[in-house]
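Okay, so here's the structure we're looking at.
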Amino acid sequence: MKEVNPKETTRAYAFEMWIDAPMPMLTFFKTIDVTRLARISKRPGLKFNMLMCWCIGRAARHIKEFYMLPVGKKLIEYDNIAVCAVVANREGEISSCDIPFSNDLKQFNEDYLRLTRQVAESCQNHDLTDCMVIGTSALVQYEIDGAVGMYSGVFNNPFLIWGKYKRHLWKLKLTVSFQFHHTQMDGAHASCFLENLQKEINCLVV
């Protein structure tokens, strides 16, 4: 990763307009069809949340804006992305676990299972500071329609949150909220990412 001059990037105008904004985050909502994902997750060793995280990485990997992030007052360019999962640890609290994205599902699944198990047992966060991390939070026991206003002024990372999927006739639907920093990307990039997410789920082959 490296610091870049915002004026020499396609985010020059956005950086100038949004880096000092009191609330620079936008949240988009999308209801996606996860019927295929739920079906595949019934196979041994393939968790629904892992498959969602992998599809999120796949959906983001070719969108160049996902490799830049405002950190403080700087714009940082990354070579790799990762997906963060929230893990329930053995003390009954939660910890965060960054999983490096791999285009190889088998490798990603191995890393996901190993790292989430490690975090659950150690109660220590696993952070990948050299990756642009996409945050996620899965509240799968609850029916929610999304979340907004998740901005601490410290972490500017894109973030997705979802709850329990719902049955609509013969399909399973999941409402996802996607929060992103306007300096990092525009609405068109975010919309493209969410469209890609649905496509990746539809095309998932194991």
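Order determines the names: the first chain of the structure tokens is A, the second B, and so forth; residues in each chain are numbered 1 upward, and ligands are numbered 1 upward as they are shown.
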Using only C-alpha atoms, which protein or nucleic acid residues come within 12 Å of Phe108 (chain A)? Drop anything in the same chain fewer than 2 positions from it, and give the result as an MDAnalysis selection string.
chainID A and resid 46:47 50:55 57:58 82:83 98:106 110:116
Using only C-alpha atoms, determine which residues lie at most 10 Å from Ala21 (chain A), disregarding the query and same-chain residues fewer than 5 positions distant; provide the list as a list of chain:residue names.
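With the cut-off at 10 Å, the set is A:Phe15, A:Glu16, A:His182, A:Thr183.
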How would the residues just chosen look if you wrote them out with N, CA and C atoms as a CSV table (one decimal), in the first residue's frame?
chain,number,residue,atom,x,y,z
A,15,PHE,N,-12.4,13.9,-3.3
A,15,PHE,CA,-11.5,14.1,-2.1
A,15,PHE,C,-11.7,15.6,-1.6
A,16,GLU,N,-11.7,16.5,-2.5
A,16,GLU,CA,-11.8,17.9,-2.1
A,16,GLU,C,-13.1,18.2,-1.5
A,182,HIS,N,-17.9,8.7,0.5
A,182,HIS,CA,-18.1,9.3,-0.8
A,182,HIS,C,-16.8,9.7,-1.4
A,183,THR,N,-15.7,9.9,-0.6
A,183,THR,CA,-14.4,10.2,-1.2
A,183,THR,C,-13.9,9.0,-1.9
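Distance annotation: of A:Ser41, A:Thr9, A:Thr31, A:Asn49, the residue with the minimal separation from His168 (chain A) is A:Thr31; atom set is only C-alpha atoms.
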10 Å contact set for Val148 (chain A), only C-alpha atoms, chain neighbours under 3 positions out, as a compact mmCIF listing (two decimals) with N, CA and C atoms, in the first residue's frame:
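Contents of part-v9.txt, as written:
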# COMPACT_ATOMS: atom_id res chain seq x y z
N MET A 25 -20.45 9.59 4.66
CA MET A 25 -20.86 8.24 4.28
C MET A 25 -22.23 8.25 3.60
N LEU A 26 -22.38 7.39 2.61
CA LEU A 26 -23.67 7.15 1.97
C LEU A 26 -24.06 5.70 2.22
N THR A 27 -25.34 5.42 2.25
CA THR A 27 -25.81 4.04 2.42
C THR A 27 -26.82 3.71 1.34
N PHE A 28 -26.55 2.64 0.61
CA PHE A 28 -27.48 2.12 -0.39
C PHE A 28 -28.07 0.82 0.13
N PHE A 29 -29.31 0.56 -0.25
CA PHE A 29 -29.99 -0.68 0.11
C PHE A 29 -30.31 -1.47 -1.16
N TYR A 151 -20.85 5.61 11.37
CA TYR A 151 -19.64 6.38 11.09
C TYR A 151 -19.03 6.86 12.39
N ILE A 161 -24.12 -4.80 5.88
CA ILE A 161 -24.79 -5.45 7.00
C ILE A 161 -26.09 -6.08 6.50
N SER A 177 -27.57 -3.63 3.31
CA SER A 177 -27.24 -2.21 3.30
C SER A 177 -25.74 -2.07 3.09
N PHE A 178 -25.37 -1.16 2.21
CA PHE A 178 -23.97 -0.95 1.86
C PHE A 178 -23.60 0.50 2.13
N GLN A 179 -22.72 0.70 3.09
CA GLN A 179 -22.26 2.05 3.44
C GLN A 179 -20.86 2.27 2.88
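Closest approach to Pro24 (chain A) from the set A:Met150, A:Leu197, A:Met1, A:Val87 is made by A:Met150, with distances taken over only C-alpha atoms.
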Could you write out, as a PyMOL selection string, all the residues of region 41-127 of chain A that DSSP marks as helix (DSSP H, G or I)?
chain A and resi 48-60+64-67+105-122
Filtering to C-alpha atoms, could you give me those residues as a short mmCIF file (atom, residue, chain, number, x, y, z; two decimals), in the first residue's frame?
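Result saved to out-v9.cif:
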data_model
loop_
_atom_site.label_atom_id
_atom_site.label_comp_id
_atom_site.auth_asym_id
_atom_site.auth_seq_id
_atom_site.Cartn_x
_atom_site.Cartn_y
_atom_site.Cartn_z
CA PHE A 48 -23.59 -19.15 4.11
CA ASN A 49 -21.65 -16.23 5.60
CA MET A 50 -18.38 -17.44 4.07
CA LEU A 51 -20.02 -17.67 0.64
CA MET A 52 -21.45 -14.16 1.05
CA CYS A 53 -18.03 -12.79 1.99
CA TRP A 54 -16.41 -14.49 -1.01
CA CYS A 55 -19.06 -13.15 -3.40
CA ILE A 56 -18.53 -9.67 -1.91
CA GLY A 57 -14.81 -9.92 -2.65
CA ARG A 58 -15.53 -11.18 -6.15
CA ALA A 59 -17.97 -8.33 -6.78
CA ALA A 60 -15.42 -5.72 -5.67
CA LYS A 64 -10.63 0.14 -8.94
CA GLU A 65 -12.23 2.43 -6.35
CA PHE A 66 -12.18 -0.46 -3.87
CA TYR A 67 -8.39 -0.28 -3.87
CA LEU A 105 -12.99 -20.36 -3.27
CA LYS A 106 -11.25 -23.37 -1.72
CA GLN A 107 -8.38 -21.18 -0.46
CA PHE A 108 -10.74 -18.47 0.79
CA ASN A 109 -12.85 -21.05 2.63
CA GLU A 110 -9.78 -22.55 4.29
CA ASP A 111 -8.62 -19.09 5.41
CA TYR A 112 -12.12 -18.18 6.60
CA LEU A 113 -12.54 -21.31 8.72
CA ARG A 114 -9.01 -21.14 10.15
CA LEU A 115 -9.01 -17.43 10.97
CA THR A 116 -12.54 -17.20 12.37
CA ARG A 117 -11.82 -20.22 14.59
CA GLN A 118 -8.58 -18.57 15.74
CA VAL A 119 -10.34 -15.29 16.55
CA ALA A 120 -13.22 -17.03 18.35
CA GLU A 121 -10.80 -18.91 20.59
CA SER A 122 -8.28 -16.10 21.22
#
Write down as a ChimeraX atom specification the residues belonging to region 53-119 of chain A that are assigned strand (DSSP E or B) by DSSP computed on the backbone.
/A:68-71,74-77,81-88,94-100
Give me, as a ChimeraX atom specification, all polymer residues having an atom no more than 12 Å from Val140 (chain A), counting only C-alpha atoms and skipping those fewer than 6 positions away in the same chain.
/A:48-49,86,161-166,174-176
Output file for the selection above: N, CA and C atoms, as a short mmCIF file (atom, residue, chain, number, x, y, z; two decimals), in the first residue's frame:
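As written to disk, again-v8.cif reads:
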data_model
loop_
_atom_site.label_atom_id
_atom_site.label_comp_id
_atom_site.auth_asym_id
_atom_site.auth_seq_id
_atom_site.Cartn_x
_atom_site.Cartn_y
_atom_site.Cartn_z
N PHE A 48 -22.92 -20.22 4.85
CA PHE A 48 -23.59 -19.15 4.11
C PHE A 48 -22.80 -17.85 4.21
N ASN A 49 -22.36 -17.49 5.41
CA ASN A 49 -21.65 -16.23 5.60
C ASN A 49 -20.32 -16.22 4.85
N VAL A 86 -17.53 -10.42 11.40
CA VAL A 86 -17.68 -10.27 12.86
C VAL A 86 -17.90 -11.66 13.45
N ILE A 161 -24.12 -4.80 5.88
CA ILE A 161 -24.79 -5.45 7.00
C ILE A 161 -26.09 -6.08 6.50
N TRP A 162 -26.39 -7.25 7.01
CA TRP A 162 -27.64 -7.93 6.64
C TRP A 162 -28.14 -8.77 7.81
N GLY A 163 -29.41 -9.13 7.74
CA GLY A 163 -30.01 -9.96 8.78
C GLY A 163 -30.41 -11.31 8.23
N LYS A 164 -31.57 -11.78 8.65
CA LYS A 164 -32.09 -13.08 8.22
C LYS A 164 -32.73 -12.94 6.83
N TYR A 165 -32.47 -13.92 5.97
CA TYR A 165 -33.15 -13.84 4.67
C TYR A 165 -34.61 -14.26 4.82
N LYS A 166 -35.43 -13.78 3.89
CA LYS A 166 -36.87 -14.01 3.94
C LYS A 166 -37.32 -14.79 2.72
N LEU A 174 -32.71 -11.39 0.51
CA LEU A 174 -31.92 -10.81 1.60
C LEU A 174 -31.71 -9.32 1.32
N THR A 175 -32.10 -8.47 2.26
CA THR A 175 -31.86 -7.04 2.12
C THR A 175 -30.50 -6.69 2.70
N VAL A 176 -29.68 -6.07 1.88
CA VAL A 176 -28.31 -5.70 2.26
C VAL A 176 -28.20 -4.18 2.27
#
Point-to-point distance from CA of Cys84 (chain A) to CA of Met185 (chain A), Å rounded to tenths
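Those two atoms sit 19.2 Å apart.
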Between CA of Thr35 (chain A) and CA of Lys171 (chain A), what distance in Å does the model show, to one decimal?
5.6 Å
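We find CA of Phe155 (chain A) and CA of Glu3 (chain A) to be spaced 16.7 Å apart.
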Any idea what's packed within 6 Å of Ala85 (chain A), counting only C-alpha atoms, ignoring anything in its chain fewer than 3 positions away? Could you give it as a compact mmCIF listing (two decimals) with C-alpha atoms, in the first residue's frame?
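The resulting file, around-v4.txt, is shown below:
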# COMPACT_ATOMS: atom_id res chain seq x y z
CA SER A 96 -13.41 -8.81 14.03
CA CYS A 97 -11.62 -11.08 11.61
CA THR A 136 -19.45 -7.01 7.04
Using only C-alpha atoms, which residue out of A:Ala147, A:Ala14, A:Val206, A:Ile19 lies closest to Pro70 (chain A)?
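Among the listed residues, the smallest separation from Pro70 (chain A) belongs to A:Ile19.
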